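Peer 1: First the structure, which I've put down as structure tokens, then a few questions once you've had a look.
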Amino acid sequence: MPSTLYATRPSPAPSADRHDTAQIWMLVIGAGAVRAAGFSFPFLSYRLAGLGFSTEGISGVLALFGVGWLAGQVLWGRLADALGRRTALVGAMLMASVALPMLATVSSPFAVGAAAVVSGAAYDAPRPIVSAVVADEVHDEATRARFTGWRHFAINVGAAVTGAVGGMLADSTGLPFLFWINGAVCAIFALVVLRFMKADGPHPRTPAASHSSARSVLHDGRLWFLWLVSLLALTPVAGLFSIMPLLMERNGMPASAYGWTQVASAATVLLLSIPLNGWLARKTGSSSMVGLLATSSLVLGAGIGSAGMASSTLQYAAAVPGEIIAFVAATAILDRIAPPHARGLYAGIWGSTLACSVICAPALAGWSLTHGGPGLVGLTTFACGVLGAVTCFPLALLLRQDKAVRPLPQPTH
């Protein structure tokens with residue numbers, strides 16, 4: 001575990017200034033808009049089915065998309081530290097504007113696989129970069145937790161738009177058009193960031209800082225246990241985009257029916273966000289959040305796992321739980337342990353958990369469907385949630401031990 005982690009952490013400040021707050025809100029809204037147009041991944045299964053891919057082929061391409069997503073999270077997080085937040089975000093969105101429409105034009109298995117990897121690398125690129133900006137500009141933990149909650153709120157507003165609009169347009173304009181919209185919105189966000197986000201420079205300013213970043217990542221057991229817990233908890237969330245469409249397609253349901261399950265997922269989070277944001281912000285200052293993360297893991301596993309027994313659109317929609325607690329709790333823990341000069345890298349590594357879950361969920365679903373059917377899909381999904389909750393125990397022990405040895409500095413009044 002890094003010996004200088006808390007020595008390099010600045011004392012908490014009251015909040016971000018007005019200019020920085022406006023910049024954060026711009027990034028939150030922009031990320032929500034990109035998510036609203038993020039049709040490429042949720043509807044990729046239907047695009048591949050239309051090209052004649054088998055269940056195993058669809059699972060394989062979705063896994064390749066996840067491989068790109070995984071690499072992209074770490075890459076963009078590291079570049080956010082090395083080149084600056086604005087440069088990394090603009091570059092990522094320009095790459096997305098080119099890569100995502102590729103999925104609408106290519107058709108051969110090799111080309112589709114290559115396009116999936118590149119598109120995956122760019123698809124969720126704003127996540128670690130915006131996380132690093134929030135950690136840079138907002139030093140108060142409760143305020144930071146509120147921003148995290150509203151970021152998740154904006155992303156789920158976007159998810160509701162993705163499901164409703166995508167489901168309607170898929171039957172009228174065709175799936176390729178959705179992928180072109182995705183790329184266009186990413187290009188617009190790149191221009192907005194270039195115009196309105198303040199310029200910044202590299203964050204690790206010395207070779208010693210870069211070496212310290214690598215050393216802290218390799219030896220920080222808290223980060224890796226948080227990573228494992230998050231992977232297990234978020235695999236059911238990824239199932240919303242991979243397991244559920246496979247199950248619904250198996251039952252002969254169209255893309256529009258799947259779109260409404262996306263609306264149900266977003267609506268659940270939206271209804272919970274307003275009352276939960278204030279409560280979670282208060283808990284951030286007085287709790288390790290690990291208990292909440294464990295509870296959320298169980299809820300997510302049980303909710304998505306129940307889709308294995310569903311047979312109608314309403315039943316699939318009812319299987320979707322809200323995941324806001326998992327994201328806010330994990331982000332609060334991450335912000336607490338990340339050294340200032342490596343916030344982008346830490347955020348990128350943690351962000352890769354959703355990418356890894358995108359790899360694991362379709363592979364798990366494909367294997368379960370082949371060997372046991374929908375019932376086995378539900379059982380293995382629920383098992384992921386249970387294992388995530390169990391893994392919270394060693395994470396809590398590490399955080400408690402570290403706090404006893406090196407307590408966080410107290411706020412100055």
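Convention: chains lettered A, B, ... in structure tokens order; per-chain residue numbering from 1; ligands numbered from 1 as shown.
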Just the residues within 12 Å of A:Ile188, please, counting only C-alpha atoms, with nothing from its chain fewer than 3 positions along; format it as a ChimeraX atom specification.

Peer 2: /A:30-31,33-34,37,90,93-94,96-97,181-185,191-195

Peer 1: Name the residues in contact with stretch 59-70 of chain A at a cut-off of 8 Å, using only C-alpha atoms, excluding same-chain residues fewer than 5 positions from it; report them as a PyMOL selection string.

Peer 2: chain A and resi 44-45+112-113+116-124+242+351-360+362-363+366

Peer 1: Between A:Ala135, A:Cys186, A:Ala49, A:Ala326, which has the minimum distance to A:Gly385 (counting only C-alpha atoms)?

Peer 2: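 Using only C-alpha atoms, the shortest distance to A:Gly385 belongs to A:Ala326.
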
Peer 1: Compile the contact shell of A:Leu376 as a tab-separated table (two decimals) with all heavy atoms, in the first residue's frame: residues with an atom at most 9 Å away, counting only C-alpha atoms, same-chain residues fewer than 5 positions apart removed.

Peer 2:
chain	number	residue	atom	x	y	z
A	308	GLY	N	-34.23	-14.19	-15.84
A	308	GLY	CA	-34.16	-15.54	-16.37
A	308	GLY	C	-35.48	-16.27	-16.31
A	308	GLY	O	-35.67	-17.26	-17.04
A	365	ALA	N	-23.74	-15.24	-20.14
A	365	ALA	CA	-25.08	-15.50	-20.67
A	365	ALA	C	-25.05	-16.52	-21.79
A	365	ALA	O	-25.89	-17.43	-21.85
A	365	ALA	CB	-25.70	-14.19	-21.18
A	368	SER	N	-24.41	-19.93	-20.26
A	368	SER	CA	-25.56	-20.40	-19.48
A	368	SER	C	-26.73	-20.79	-20.37
A	368	SER	O	-27.41	-21.80	-20.11
A	368	SER	CB	-26.00	-19.30	-18.49
A	368	SER	OG	-24.96	-19.00	-17.59
A	369	LEU	N	-26.98	-19.99	-21.41
A	369	LEU	CA	-28.06	-20.33	-22.34
A	369	LEU	C	-27.79	-21.65	-23.05
A	369	LEU	O	-28.70	-22.46	-23.27
A	369	LEU	CB	-28.25	-19.21	-23.36
A	369	LEU	CG	-29.03	-17.98	-22.91
A	369	LEU	CD1	-28.99	-16.90	-23.99
A	369	LEU	CD2	-30.48	-18.34	-22.59
A	371	HIS	N	-25.89	-24.20	-21.98
A	371	HIS	CA	-25.79	-25.37	-21.12
A	371	HIS	C	-26.95	-25.54	-20.14
A	371	HIS	O	-27.10	-26.63	-19.56
A	371	HIS	CB	-24.47	-25.31	-20.32
A	371	HIS	CG	-23.25	-25.46	-21.16
A	371	HIS	ND1	-22.64	-24.38	-21.76
A	371	HIS	CD2	-22.54	-26.55	-21.54
A	371	HIS	CE1	-21.59	-24.80	-22.45
A	371	HIS	NE2	-21.51	-26.11	-22.33
A	381	THR	N	-26.21	-15.05	-12.72
A	381	THR	CA	-26.25	-13.60	-12.51
A	381	THR	C	-26.42	-13.25	-11.04
A	381	THR	O	-25.74	-12.37	-10.50
A	381	THR	CB	-27.39	-12.98	-13.34
A	381	THR	OG1	-27.21	-13.30	-14.72
A	381	THR	CG2	-27.41	-11.46	-13.19

Peer 1: From the set A:Phe382, A:Phe327, A:Phe110, A:Phe39, which residue has the shortest atom-to-atom contact distance to A:Phe179, counting only C-alpha atoms?

Peer 2: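 Counting only C-alpha atoms, the residue closest to A:Phe179 is A:Phe39.
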
Peer 1: Name all residues at most 12 Å from stretch 156-159 of chain A (count only C-alpha atoms; drop same-chain ones fewer than 3 positions away) and give them as an MDAnalysis selection string.

Peer 2: chainID A and resid 28:39 41:42 149:153 162:167 182 240:241 259:273 322:324

Peer 1: For atom CA of A:Leu293 and atom CA of A:Phe43, quote the distance in Å rounded to one decimal.

Peer 2: 28.8 Å

Peer 1: Using only C-alpha atoms, which residue out of A:Tyr46, A:Tyr258, A:Phe147, A:Tyr346 lies closest to A:Leu27?

Peer 2: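 With only C-alpha atoms as the atom set, the closest residue is A:Phe147.
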